[in-house]
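Trainee: Pasting a structure here, questions to come.
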Amino acid sequence: MALFRINNDRLGLCKPTNFELERDLQKLVEANLGTVFNCRFVASEYSTGATHAGRIDTLALSEDSNPVILEYKKVESSELLNQGLYYLNWIVDHRGDFQIAVNKQLGLNVEVDWSDIRVICLAPGYKKYDLHAAQVMGANIELWQYRLYDDGSFYIEEVFRRSTAQVSEPSIAGSVTGVKNPVMVEAGRKAAVTRATAIYTIEEHLDYASEGIRPALDLIREFLLSIDDSVEENPKKLYIAYKTTQNLVCLEVKQHKIYLILKLNPAGFDALPSNARDVTNIGHYGTGDFELTINGEEDVEAAKDWVMRAYEQVGGS
């Protein structure tokens with residue numbers, strides 16, 4: 001897709017260019033990890049030791065405290081996938097080394113959540129063979145494509161994430177009159193992938209809900225997953241994260257209510273609804289400072305507007 005700049009009602013074509021050095025791409029992303037992926041920087045060019053004889057481009061910690069490996073290429077290269085998988089295997093076997101790196105960079109009080117490990121590959125493009133390999137290999141790997149333009153614009157787009165792998169249709173897909181809801185089928189499919197790869201499951205969270213709050217829970221989950229194909233449902237120990245490049249909503253299920261923690265700044269609004277509060281300085285689960293309470297189906301419709309604001313805030317279109 002062509003990108004144009006607007007100047008006095010005239011369109012000028014932004015011409016694609018590239019970084020002179022791969023290191024320039026790496027330095028740009030590392031300096032903006034919070035903005036792009038909402039991750040905390042841990043280490044650069046991290047040595048995997050004499051036995052493995054490699055260097056991980058970037059180590060980071062996600063907003064959910066999961067380990068993150070980032071690898072870069074300024075040209076299309078199948079080597080990028082191989083490197084990502086190689087370092088994924090390394091970090092699984094060297095958790096202590098990663099924890100030491102985290103302690104050194106972020107402090108001793110940071111606890112790493114090993115239920116998920118993200119491998120992010122960033123390149124200007126991928127061959128069809130690479131995309132197919134990523135689909136069938138079963139590893140938790142993300143492929144991101146970037147474009148650099150001559151006016152300094154930088155664009156990135158996710159082209160593959162493991163949760164798009166094909167799995168059999170699960171039985172938890174919602175239905176109303178016997179007809180399966182395609183959004184909930186998709187939610188169940190994603191949950192099935194999670195069951196095979198993570199410690200925590202969607203069902204563990206859903207089981208907290210009473211019969212009275214369950215319809216509202218189904219409605220808000222359906223809406224969150226229908227916003228965009230890029231929105232992923234990711235169960236954590238204490239909440240369910242809904243994310244694109246970063247969390248936009250963290251959903252905590254209680255027996256008779258649902259808490260939504262939104263990636264919004266409460267101070268940026270003149271007034272908050274009666275079922276919302278600023279939790280910036282209040283202990284809470286999830287990532288975000290805007291808490292919205294859903295007590296029943298009647299609260300879901302009003303919550304949608306706030307969810308969309310959070311989606312736009314994290315870079316959704």
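Order determines the names: the first chain of the structure tokens is A, the second B, and so forth; residues in each chain are numbered 1 upward, and ligands are numbered 1 upward as they are shown.
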Residues within 10 Å of Tyr285 (chain A), please, as a VMD selection string. Count only C-alpha atoms; anything in the same chain fewer than 3 positions from it doesn't count.
Mentor: chain A and resid 237 to 239 250 to 252 259 to 261 282 288 to 289
Trainee: For the residues in that selection, give me C-alpha atoms as a PDB file, in the first residue's frame.
Mentor:
ATOM      1  CA  LYS A 237      -2.720 -16.085  36.352  1.00  0.00           C
ATOM      2  CA  LEU A 238      -5.002 -13.358  37.719  1.00  0.00           C
ATOM      3  CA  TYR A 239      -6.653 -11.872  34.624  1.00  0.00           C
ATOM      4  CA  CYS A 250      -7.192  -6.725  31.240  1.00  0.00           C
ATOM      5  CA  LEU A 251     -10.339  -8.548  32.315  1.00  0.00           C
ATOM      6  CA  GLU A 252     -10.697  -9.904  35.854  1.00  0.00           C
ATOM      7  CA  TYR A 259     -13.443  -5.698  36.251  1.00  0.00           C
ATOM      8  CA  LEU A 260     -11.988  -4.175  33.103  1.00  0.00           C
ATOM      9  CA  ILE A 261      -8.605  -2.497  33.507  1.00  0.00           C
ATOM     10  CA  ILE A 282      -4.445   1.777  44.087  1.00  0.00           C
ATOM     11  CA  GLY A 288      -3.644   0.067  33.078  1.00  0.00           C
ATOM     12  CA  ASP A 289      -5.029   2.727  35.411  1.00  0.00           C
TER      13      ASP A 289
END
Trainee: Where does DSSP see strand (DSSP E) in region 60-283 of chain A, if you list the residues as a PyMOL selection string?
Mentor: chain A and resi 60-61+67-72+118-123+141-149+154-161+232-235+240-243+247-253+258-262+276-278
Trainee: May I have the selected residues written with N, CA and C atoms, as a short mmCIF file (atom, residue, chain, number, x, y, z; two decimals), in the first residue's frame?
Mentor:
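Printed below is selection_23.cif as written:
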data_model
loop_
_atom_site.label_atom_id
_atom_site.label_comp_id
_atom_site.auth_asym_id
_atom_site.auth_seq_id
_atom_site.Cartn_x
_atom_site.Cartn_y
_atom_site.Cartn_z
N ALA A 60 13.91 -8.60 26.57
CA ALA A 60 13.00 -7.64 27.19
C ALA A 60 12.02 -8.38 28.08
N LEU A 61 11.22 -7.61 28.79
CA LEU A 61 10.18 -8.16 29.66
C LEU A 61 8.86 -7.50 29.26
N PRO A 67 9.09 -13.22 29.49
CA PRO A 67 10.32 -12.99 28.73
C PRO A 67 10.01 -12.71 27.26
N VAL A 68 10.80 -11.83 26.67
CA VAL A 68 10.63 -11.47 25.26
C VAL A 68 12.00 -11.50 24.58
N ILE A 69 12.07 -12.18 23.45
CA ILE A 69 13.26 -12.21 22.61
C ILE A 69 12.94 -11.47 21.32
N LEU A 70 13.80 -10.53 20.93
CA LEU A 70 13.61 -9.81 19.67
C LEU A 70 14.82 -10.02 18.78
N GLU A 71 14.56 -10.39 17.52
CA GLU A 71 15.60 -10.58 16.52
C GLU A 71 15.26 -9.74 15.29
N TYR A 72 16.28 -9.17 14.65
CA TYR A 72 16.07 -8.23 13.56
C TYR A 72 16.86 -8.65 12.32
N ARG A 118 7.63 -14.75 24.50
CA ARG A 118 7.40 -14.18 23.19
C ARG A 118 8.70 -14.12 22.40
N VAL A 119 8.64 -14.54 21.14
CA VAL A 119 9.76 -14.37 20.21
C VAL A 119 9.26 -13.47 19.09
N ILE A 120 9.83 -12.29 18.98
CA ILE A 120 9.41 -11.30 17.99
C ILE A 120 10.50 -11.17 16.93
N CYS A 121 10.15 -11.45 15.69
CA CYS A 121 11.06 -11.29 14.56
C CYS A 121 10.62 -10.08 13.76
N LEU A 122 11.56 -9.18 13.45
CA LEU A 122 11.24 -7.96 12.73
C LEU A 122 12.12 -7.85 11.49
N ALA A 123 11.49 -7.78 10.32
CA ALA A 123 12.20 -7.73 9.05
C ALA A 123 11.35 -6.96 8.04
N ILE A 141 5.89 -17.84 18.17
CA ILE A 141 6.72 -16.89 17.44
C ILE A 141 5.83 -15.88 16.73
N GLU A 142 6.30 -14.62 16.68
CA GLU A 142 5.56 -13.55 16.02
C GLU A 142 6.44 -12.98 14.91
N LEU A 143 5.86 -12.81 13.74
CA LEU A 143 6.58 -12.21 12.61
C LEU A 143 6.02 -10.81 12.36
N TRP A 144 6.89 -9.82 12.42
CA TRP A 144 6.51 -8.43 12.19
C TRP A 144 7.29 -7.89 11.00
N GLN A 145 6.59 -7.13 10.18
CA GLN A 145 7.18 -6.53 8.98
C GLN A 145 7.27 -5.02 9.18
N TYR A 146 8.37 -4.41 8.77
CA TYR A 146 8.51 -2.97 8.93
C TYR A 146 8.74 -2.30 7.58
N ARG A 147 8.46 -0.99 7.56
CA ARG A 147 8.78 -0.15 6.41
C ARG A 147 9.36 1.16 6.93
N LEU A 148 10.48 1.57 6.36
CA LEU A 148 11.07 2.87 6.65
C LEU A 148 10.93 3.73 5.41
N TYR A 149 10.50 5.00 5.60
CA TYR A 149 10.28 5.89 4.47
C TYR A 149 11.25 7.07 4.50
N PHE A 154 8.08 5.48 10.11
CA PHE A 154 8.41 4.08 10.39
C PHE A 154 7.12 3.34 10.66
N TYR A 155 6.87 2.29 9.89
CA TYR A 155 5.61 1.54 9.98
C TYR A 155 5.92 0.08 10.26
N ILE A 156 5.21 -0.50 11.24
CA ILE A 156 5.34 -1.93 11.47
C ILE A 156 3.96 -2.58 11.47
N GLU A 157 3.94 -3.84 11.04
CA GLU A 157 2.69 -4.58 10.93
C GLU A 157 2.95 -6.05 11.27
N GLU A 158 2.08 -6.62 12.08
CA GLU A 158 2.20 -8.03 12.40
C GLU A 158 1.66 -8.86 11.24
N VAL A 159 2.45 -9.82 10.75
CA VAL A 159 2.01 -10.65 9.63
C VAL A 159 1.74 -12.08 10.05
N PHE A 160 2.23 -12.48 11.23
CA PHE A 160 1.92 -13.82 11.73
C PHE A 160 2.15 -13.88 13.23
N ARG A 161 1.21 -14.57 13.91
CA ARG A 161 1.37 -14.92 15.30
C ARG A 161 0.87 -16.34 15.47
N GLU A 232 -5.85 -10.43 20.53
CA GLU A 232 -5.61 -11.78 21.03
C GLU A 232 -6.07 -11.90 22.47
N GLU A 233 -6.69 -13.01 22.80
CA GLU A 233 -7.14 -13.30 24.17
C GLU A 233 -6.07 -14.16 24.84
N ASN A 234 -5.46 -13.62 25.90
CA ASN A 234 -4.29 -14.25 26.49
C ASN A 234 -4.50 -14.42 28.00
N PRO A 235 -4.81 -15.63 28.47
CA PRO A 235 -5.05 -15.83 29.90
C PRO A 235 -3.77 -15.75 30.72
N ILE A 240 -7.35 -11.96 32.32
CA ILE A 240 -7.25 -12.28 30.90
C ILE A 240 -6.85 -11.00 30.18
N ALA A 241 -5.75 -11.04 29.45
CA ALA A 241 -5.27 -9.88 28.72
C ALA A 241 -5.79 -9.92 27.29
N TYR A 242 -6.29 -8.80 26.81
CA TYR A 242 -6.69 -8.64 25.42
C TYR A 242 -5.70 -7.65 24.81
N LYS A 243 -4.98 -8.08 23.77
CA LYS A 243 -3.83 -7.32 23.33
C LYS A 243 -3.68 -7.31 21.83
N ASN A 247 -1.22 -4.77 25.74
CA ASN A 247 -2.53 -4.94 26.33
C ASN A 247 -3.37 -3.68 26.14
N LEU A 248 -4.63 -3.86 25.74
CA LEU A 248 -5.55 -2.74 25.72
C LEU A 248 -6.56 -2.87 26.85
N VAL A 249 -6.90 -4.12 27.22
CA VAL A 249 -7.82 -4.40 28.32
C VAL A 249 -7.34 -5.63 29.07
N CYS A 250 -7.39 -5.55 30.40
CA CYS A 250 -7.19 -6.73 31.24
C CYS A 250 -8.51 -6.99 31.96
N LEU A 251 -9.03 -8.19 31.80
CA LEU A 251 -10.34 -8.55 32.32
C LEU A 251 -10.19 -9.49 33.51
N GLU A 252 -10.74 -9.08 34.64
CA GLU A 252 -10.70 -9.90 35.85
C GLU A 252 -12.11 -10.37 36.19
N VAL A 253 -12.29 -11.66 36.25
CA VAL A 253 -13.61 -12.24 36.50
C VAL A 253 -13.80 -12.48 38.00
N ILE A 258 -17.46 -8.12 36.86
CA ILE A 258 -16.29 -8.18 36.00
C ILE A 258 -15.57 -6.85 36.10
N TYR A 259 -14.26 -6.90 36.27
CA TYR A 259 -13.44 -5.70 36.25
C TYR A 259 -12.69 -5.62 34.93
N LEU A 260 -12.79 -4.46 34.29
CA LEU A 260 -11.99 -4.18 33.10
C LEU A 260 -10.95 -3.13 33.48
N ILE A 261 -9.67 -3.47 33.31
CA ILE A 261 -8.60 -2.50 33.51
C ILE A 261 -8.16 -2.04 32.12
N LEU A 262 -8.42 -0.78 31.81
CA LEU A 262 -8.20 -0.25 30.46
C LEU A 262 -6.91 0.54 30.38
N ALA A 276 -16.79 3.55 37.17
CA ALA A 276 -15.37 3.61 36.84
C ALA A 276 -14.61 4.31 37.96
N ARG A 277 -13.30 4.03 38.04
CA ARG A 277 -12.47 4.74 39.01
C ARG A 277 -11.02 4.75 38.54
N ASP A 278 -10.30 5.72 39.06
CA ASP A 278 -8.87 5.87 38.80
C ASP A 278 -8.12 4.98 39.79
#
Trainee: CA of Ala101 (chain A) to CA of Leu59 (chain A): how many Å, to one decimal?
Mentor: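 Computed distance, CA of Ala101 (chain A) to CA of Leu59 (chain A), equals 8.8 Å.
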Trainee: Show which residues sit within 6 Å of Asn38 (chain A), as a ChimeraX atom specification. Count only C-alpha atoms, and ignore same-chain residues fewer than 4 positions away.
Mentor: /A:33-34,246
Trainee: Generate a file of the selected residues that holds N, CA and C atoms, formatted as a PDB file, in the first residue's frame.
Mentor:
ATOM      1  N   LEU A  33      10.988   0.496  22.924  1.00  0.00           N
ATOM      2  CA  LEU A  33      10.304  -0.757  23.250  1.00  0.00           C
ATOM      3  C   LEU A  33       8.968  -0.517  23.937  1.00  0.00           C
ATOM      4  N   GLY A  34       8.917   0.471  24.824  1.00  0.00           N
ATOM      5  CA  GLY A  34       7.670   0.759  25.521  1.00  0.00           C
ATOM      6  C   GLY A  34       6.597   1.266  24.584  1.00  0.00           C
ATOM      7  N   GLN A 246       0.306  -4.534  22.454  1.00  0.00           N
ATOM      8  CA  GLN A 246       0.336  -4.427  23.905  1.00  0.00           C
ATOM      9  C   GLN A 246      -1.075  -4.595  24.435  1.00  0.00           C
TER      10      GLN A 246
END
Trainee: Which of region 86-167 of chain A counts as alpha helix (DSSP H) under DSSP, as a ChimeraX atom specification please?
Mentor: /A:86-93,95-106,128-137
Trainee: Please list as a PyMOL selection string every residue within 8 Å of Thr58 (chain A), counting only C-alpha atoms and excluding residues in the same chain fewer than 3 positions away.
Mentor: chain A and resi 26+30+41-46+69-71
Trainee: May I have the residues from that selection written out with C-alpha atoms, as a PDB file, in the first residue's frame?
Mentor:
ATOM      1  CA  GLN A  26      17.850  -2.578  16.555  1.00  0.00           C
ATOM      2  CA  GLU A  30      15.296  -0.806  21.738  1.00  0.00           C
ATOM      3  CA  PHE A  41      14.387  -3.344  28.026  1.00  0.00           C
ATOM      4  CA  VAL A  42      16.567  -6.001  29.696  1.00  0.00           C
ATOM      5  CA  ALA A  43      19.700  -6.467  27.565  1.00  0.00           C
ATOM      6  CA  SER A  44      21.218  -5.927  24.125  1.00  0.00           C
ATOM      7  CA  GLU A  45      23.505  -8.348  22.270  1.00  0.00           C
ATOM      8  CA  TYR A  46      23.124 -10.830  25.115  1.00  0.00           C
ATOM      9  CA  ILE A  69      13.263 -12.214  22.611  1.00  0.00           C
ATOM     10  CA  LEU A  70      13.611  -9.809  19.668  1.00  0.00           C
ATOM     11  CA  GLU A  71      15.603 -10.576  16.521  1.00  0.00           C
TER      12      GLU A  71
END
Trainee: Of the residues A:Arg5, A:Arg214, A:Arg221, A:Arg55, which is the one nearest to His256 (chain A), using only C-alpha atoms?
Mentor: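 Among the listed residues, A:Arg214 lies closest to His256 (chain A).
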Trainee: Taking into account only C-alpha atoms, which residue in the set A:Asp151, A:Glu63, A:Glu297, A:Glu291 is nearest to Ala310 (chain A)?
Mentor: A:Glu291
